[in-house]
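Novice: Below you'll find structure31.cif; it's mmCIF, C-alpha atoms.
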```
data_my_file
loop_
_atom_site.group_PDB
_atom_site.id
_atom_site.type_symbol
_atom_site.label_atom_id
_atom_site.label_comp_id
_atom_site.auth_asym_id
_atom_site.auth_seq_id
_atom_site.Cartn_x
_atom_site.Cartn_y
_atom_site.Cartn_z
ATOM 1 C CA VAL A 688 0.000 0.000 0.000
ATOM 2 C CA GLN A 689 1.296 3.424 -0.950
ATOM 3 C CA LEU A 690 -0.014 6.950 -0.679
ATOM 4 C CA VAL A 691 2.324 9.475 -2.256
ATOM 5 C CA GLU A 692 1.620 13.166 -1.807
ATOM 6 C CA SER A 693 3.002 15.860 -4.067
ATOM 7 C CA GLY A 694 2.454 19.512 -4.892
ATOM 8 C CA GLY A 695 3.594 21.157 -1.691
ATOM 9 C CA GLY A 696 5.952 24.104 -1.619
ATOM 10 C CA LEU A 697 6.458 27.718 -0.702
ATOM 11 C CA VAL A 698 3.725 30.210 -1.600
ATOM 12 C CA GLN A 699 2.903 33.782 -0.681
ATOM 13 C CA PRO A 700 -0.215 34.667 1.290
ATOM 14 C CA GLY A 701 -3.194 34.768 -1.044
ATOM 15 C CA GLY A 702 -1.623 32.261 -3.390
ATOM 16 C CA SER A 703 -2.745 28.801 -4.444
ATOM 17 C CA LEU A 704 -1.411 25.276 -4.445
ATOM 18 C CA ARG A 705 -2.828 21.981 -5.600
ATOM 19 C CA LEU A 706 -1.848 18.874 -3.671
ATOM 20 C CA SER A 707 -2.135 15.402 -5.167
ATOM 21 C CA CYS A 708 -2.090 12.013 -3.506
ATOM 22 C CA ALA A 709 -1.522 8.989 -5.702
ATOM 23 C CA ALA A 710 -2.696 5.702 -4.230
ATOM 24 C CA SER A 711 -1.718 2.123 -4.992
ATOM 25 C CA GLY A 712 -1.995 -1.299 -3.460
ATOM 26 C CA PHE A 713 -5.617 -1.161 -2.384
ATOM 27 C CA THR A 714 -9.076 -0.616 -3.863
ATOM 28 C CA PHE A 715 -8.971 3.166 -3.924
ATOM 29 C CA SER A 716 -12.565 3.620 -5.061
ATOM 30 C CA SER A 717 -13.857 1.863 -1.922
ATOM 31 C CA TYR A 718 -12.118 4.161 0.538
ATOM 32 C CA VAL A 719 -12.997 7.485 2.079
ATOM 33 C CA MET A 720 -10.120 9.842 1.405
ATOM 34 C CA MET A 721 -9.030 12.641 3.700
ATOM 35 C CA TRP A 722 -6.429 15.350 3.979
ATOM 36 C CA PHE A 723 -4.959 16.141 7.373
ATOM 37 C CA ARG A 724 -2.360 18.697 8.331
ATOM 38 C CA GLN A 725 0.027 19.169 11.204
ATOM 39 C CA ALA A 726 1.696 22.453 12.045
ATOM 40 C CA PRO A 727 4.787 22.627 14.276
ATOM 41 C CA GLY A 728 3.837 22.151 17.907
ATOM 42 C CA LYS A 729 0.213 21.356 17.086
ATOM 43 C CA GLU A 730 -1.851 18.217 16.800
ATOM 44 C CA ARG A 731 -2.722 16.740 13.448
ATOM 45 C CA GLU A 732 -6.092 18.021 12.285
ATOM 46 C CA LEU A 733 -8.593 16.972 9.647
ATOM 47 C CA VAL A 734 -8.766 19.433 6.772
ATOM 48 C CA ALA A 735 -11.127 17.806 4.281
ATOM 49 C CA ALA A 736 -12.791 14.492 3.474
ATOM 50 C CA ILE A 737 -14.493 12.987 0.459
ATOM 51 C CA ASN A 738 -16.600 9.851 0.258
ATOM 52 C CA SER A 739 -15.751 6.912 -1.976
ATOM 53 C CA PRO A 740 -17.859 7.910 -5.013
ATOM 54 C CA GLY A 741 -16.747 11.531 -4.651
ATOM 55 C CA ASP A 742 -20.183 13.107 -4.317
ATOM 56 C CA SER A 743 -19.972 14.200 -0.693
ATOM 57 C CA THR A 744 -17.329 16.352 0.967
ATOM 58 C CA ASN A 745 -16.637 17.876 4.364
ATOM 59 C CA TYR A 746 -14.263 20.613 5.428
ATOM 60 C CA ALA A 747 -12.787 22.082 8.561
ATOM 61 C CA ASP A 748 -14.305 25.472 9.315
ATOM 62 C CA SER A 749 -10.890 27.073 8.923
ATOM 63 C CA VAL A 750 -10.660 26.124 5.220
ATOM 64 C CA LYS A 751 -14.284 26.253 4.057
ATOM 65 C CA GLY A 752 -14.663 28.345 0.937
ATOM 66 C CA ARG A 753 -10.911 28.265 0.249
ATOM 67 C CA PHE A 754 -10.018 24.569 -0.146
ATOM 68 C CA THR A 755 -11.622 21.972 -2.400
ATOM 69 C CA ILE A 756 -11.124 18.229 -2.142
ATOM 70 C CA SER A 757 -11.775 16.045 -5.178
ATOM 71 C CA ARG A 758 -10.893 12.586 -6.425
ATOM 72 C CA ASP A 759 -10.432 10.711 -9.655
ATOM 73 C CA ASN A 760 -11.159 7.050 -9.045
ATOM 74 C CA ALA A 761 -9.952 6.136 -12.523
ATOM 75 C CA LYS A 762 -6.531 7.579 -11.653
ATOM 76 C CA ASN A 763 -6.504 6.469 -7.988
ATOM 77 C CA THR A 764 -5.755 10.031 -6.994
ATOM 78 C CA VAL A 765 -7.192 12.531 -4.539
ATOM 79 C CA TYR A 766 -6.564 16.257 -4.779
ATOM 80 C CA LEU A 767 -6.668 19.268 -2.516
ATOM 81 C CA GLN A 768 -6.996 22.616 -4.254
ATOM 82 C CA MET A 769 -5.936 25.332 -1.834
ATOM 83 C CA ASN A 770 -6.759 28.947 -2.655
ATOM 84 C CA SER A 771 -6.394 32.199 -0.730
ATOM 85 C CA LEU A 772 -3.696 30.626 1.399
ATOM 86 C CA LYS A 773 -2.953 32.149 4.782
ATOM 87 C CA LEU A 774 0.105 32.078 7.013
ATOM 88 C CA GLU A 775 -1.742 29.729 9.345
ATOM 89 C CA ASP A 776 -2.132 27.149 6.573
ATOM 90 C CA THR A 777 1.569 26.368 6.922
ATOM 91 C CA ALA A 778 1.870 22.688 7.851
ATOM 92 C CA VAL A 779 2.765 19.248 6.642
ATOM 93 C CA TYR A 780 -0.227 17.907 4.734
ATOM 94 C CA TYR A 781 -1.005 14.204 4.872
ATOM 95 C CA CYS A 782 -3.222 12.047 2.742
ATOM 96 C CA ASN A 783 -5.299 9.398 4.517
ATOM 97 C CA ALA A 784 -7.350 6.493 3.193
ATOM 98 C CA ARG A 785 -9.957 4.957 5.463
ATOM 99 C CA ARG A 786 -12.423 2.089 5.248
ATOM 100 C CA VAL A 787 -14.035 0.461 8.291
ATOM 101 C CA SER A 788 -11.090 -0.515 10.507
ATOM 102 C CA ARG A 789 -8.342 0.092 7.935
ATOM 103 C CA ALA A 790 -6.432 3.329 7.563
ATOM 104 C CA TYR A 791 -3.393 4.229 5.488
ATOM 105 C CA TRP A 792 -1.204 7.336 5.605
ATOM 106 C CA GLY A 793 1.083 9.069 3.174
ATOM 107 C CA GLN A 794 4.457 10.494 4.123
ATOM 108 C CA GLY A 795 3.295 14.100 3.943
ATOM 109 C CA THR A 796 4.142 17.145 1.885
ATOM 110 C CA GLN A 797 5.241 20.490 3.291
ATOM 111 C CA VAL A 798 3.198 23.598 2.573
ATOM 112 C CA THR A 799 4.755 26.866 3.652
ATOM 113 C CA VAL A 800 2.886 30.144 3.325
ATOM 114 C CA SER A 801 5.221 33.073 3.778
ATOM 115 C CA SER A 802 5.829 36.527 2.419
#
```
As a first step, turn the structure in this file into structure tokens.
Specialist:
Amino acid sequence: VQLVESGGGLVQPGGSLRLSCAASGFTFSSYVMMWFRQAPGKERELVAAINSPGDSTNYADSVKGRFTISRDNAKNTVYLQMNSLKLEDTAVYYCNARRVSRAYWGQGTQVTVSS
């Protein structure tokens, strides 16, 4: 099982980034997919989630209206479009796959918002 995140980097406040998470080794289309983030000195928090068919999403209040989660089950990939980025969005972003009692994590990708 592999979850490989990409797309992180350094961006100025107000900018945008698109994270991708490529999955392999399990039946991607059967899993709920989530993005978490962890800032230095803080606990890991849920940012966004999308159900297995991709027709239902949920977001943390702090990112509603700015971030969009989506998935392409044909490509086994989940995305996180991040717009209007703020300094407080700086964190390592992790992809998570979950189904019943199983959960898989990616290695994370760093997002730094700085002027």
Novice: A:Asn783, A:Gln768, A:Ser749, A:Gln689: which is nearest Arg705 (chain A), counting all atoms listed in the file?
Specialist: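 Once distances to Arg705 (chain A) are computed over all atoms listed in the file, the minimum belongs to A:Gln768.
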Novice: Would you place a box with edges along x, y and z of the file around all atoms of region 756-769 of chain A listed there, add 5 Å to each of its six sides, and report the centre and edge lengths in Å to one decimal, as JSON?
Specialist:
```
{"center_x": -8.8, "center_y": 15.7, "center_z": -7.2, "size_x": 16.0, "size_y": 29.2, "size_z": 20.7}
```
Novice: Apply the PyMOL selection byres ((chain A and resi 701) around 9) to the structure shown and report the selected residues as a list in words.
Specialist: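 Going through the file, the PyMOL selection byres ((chain A and resi 701) around 9) ends up selecting Val698, Gln699, Pro700, Gly702, Ser703, Asn770, Ser771, Leu772, Lys773 and Val800 of chain A.
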Novice: Do a neighbour search on region 727-731 of chain A at 8 Å with all atoms listed in the file, toss out local chain neighbours closer than 3 positions, and write the hits as a PyMOL selection string.
Specialist: chain A and resi 723-724+778
Novice: List the neighbours of Glu692 (chain A) out to 9 Å using all atoms listed in the file; skip same-chain residues closer than 5 positions along the sequence, and give me the result as an mmCIF file with C-alpha atoms, keeping the file's coordinate frame.
Specialist:
```cif
data_model
loop_
_atom_site.group_PDB
_atom_site.id
_atom_site.type_symbol
_atom_site.label_atom_id
_atom_site.label_comp_id
_atom_site.auth_asym_id
_atom_site.auth_seq_id
_atom_site.Cartn_x
_atom_site.Cartn_y
_atom_site.Cartn_z
ATOM 1 C CA LEU A 706 -1.848 18.874 -3.671
ATOM 2 C CA SER A 707 -2.135 15.402 -5.167
ATOM 3 C CA CYS A 708 -2.090 12.013 -3.506
ATOM 4 C CA ALA A 709 -1.522 8.989 -5.702
ATOM 5 C CA ALA A 710 -2.696 5.702 -4.230
ATOM 6 C CA TYR A 780 -0.227 17.907 4.734
ATOM 7 C CA TYR A 781 -1.005 14.204 4.872
ATOM 8 C CA CYS A 782 -3.222 12.047 2.742
ATOM 9 C CA GLY A 793 1.083 9.069 3.174
ATOM 10 C CA GLN A 794 4.457 10.494 4.123
ATOM 11 C CA GLY A 795 3.295 14.100 3.943
ATOM 12 C CA THR A 796 4.142 17.145 1.885
#
```
Novice: With distances taken over all atoms listed in the file, which residue among A:Leu697, A:Gln725, A:Phe715, A:Ser739 lies nearest Thr764 (chain A)?
Specialist: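 Under the stated criterion, the closest residue is A:Phe715.
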Novice: As a check of understanding, name the residues that the PyMOL selection byres ((chain A and resi 718) around 9) selects in the supplied structure, as number ranges by chain.
Specialist: A: 713-717, 719-720, 738-740, 784-787
Novice: What's the separation between CA of Asn745 (chain A) and CA of Asp759 (chain A), in Å to one decimal place?
Specialist: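 Separating CA of Asn745 (chain A) from CA of Asp759 (chain A) is a distance of 16.9 Å.
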Novice: Tell me which of A:Leu774, A:Trp722, A:Trp792, A:Val798 sits closest to Ser757 (chain A), counting only C-alpha atoms.
Specialist: A:Trp722
Novice: Nearest to Gly712 (chain A): which of A:Ser788, A:Thr777, A:Asn763, A:Ser802 is it, counting only C-alpha atoms?
Specialist: A:Asn763
Novice: Hey, which of A:Ala735, A:Ser801, A:Ser711, A:Ala726 ends up closest to Met769 (chain A)? Count only C-alpha atoms.
Specialist: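 With only C-alpha atoms as the atom set, the closest residue is A:Ala735.
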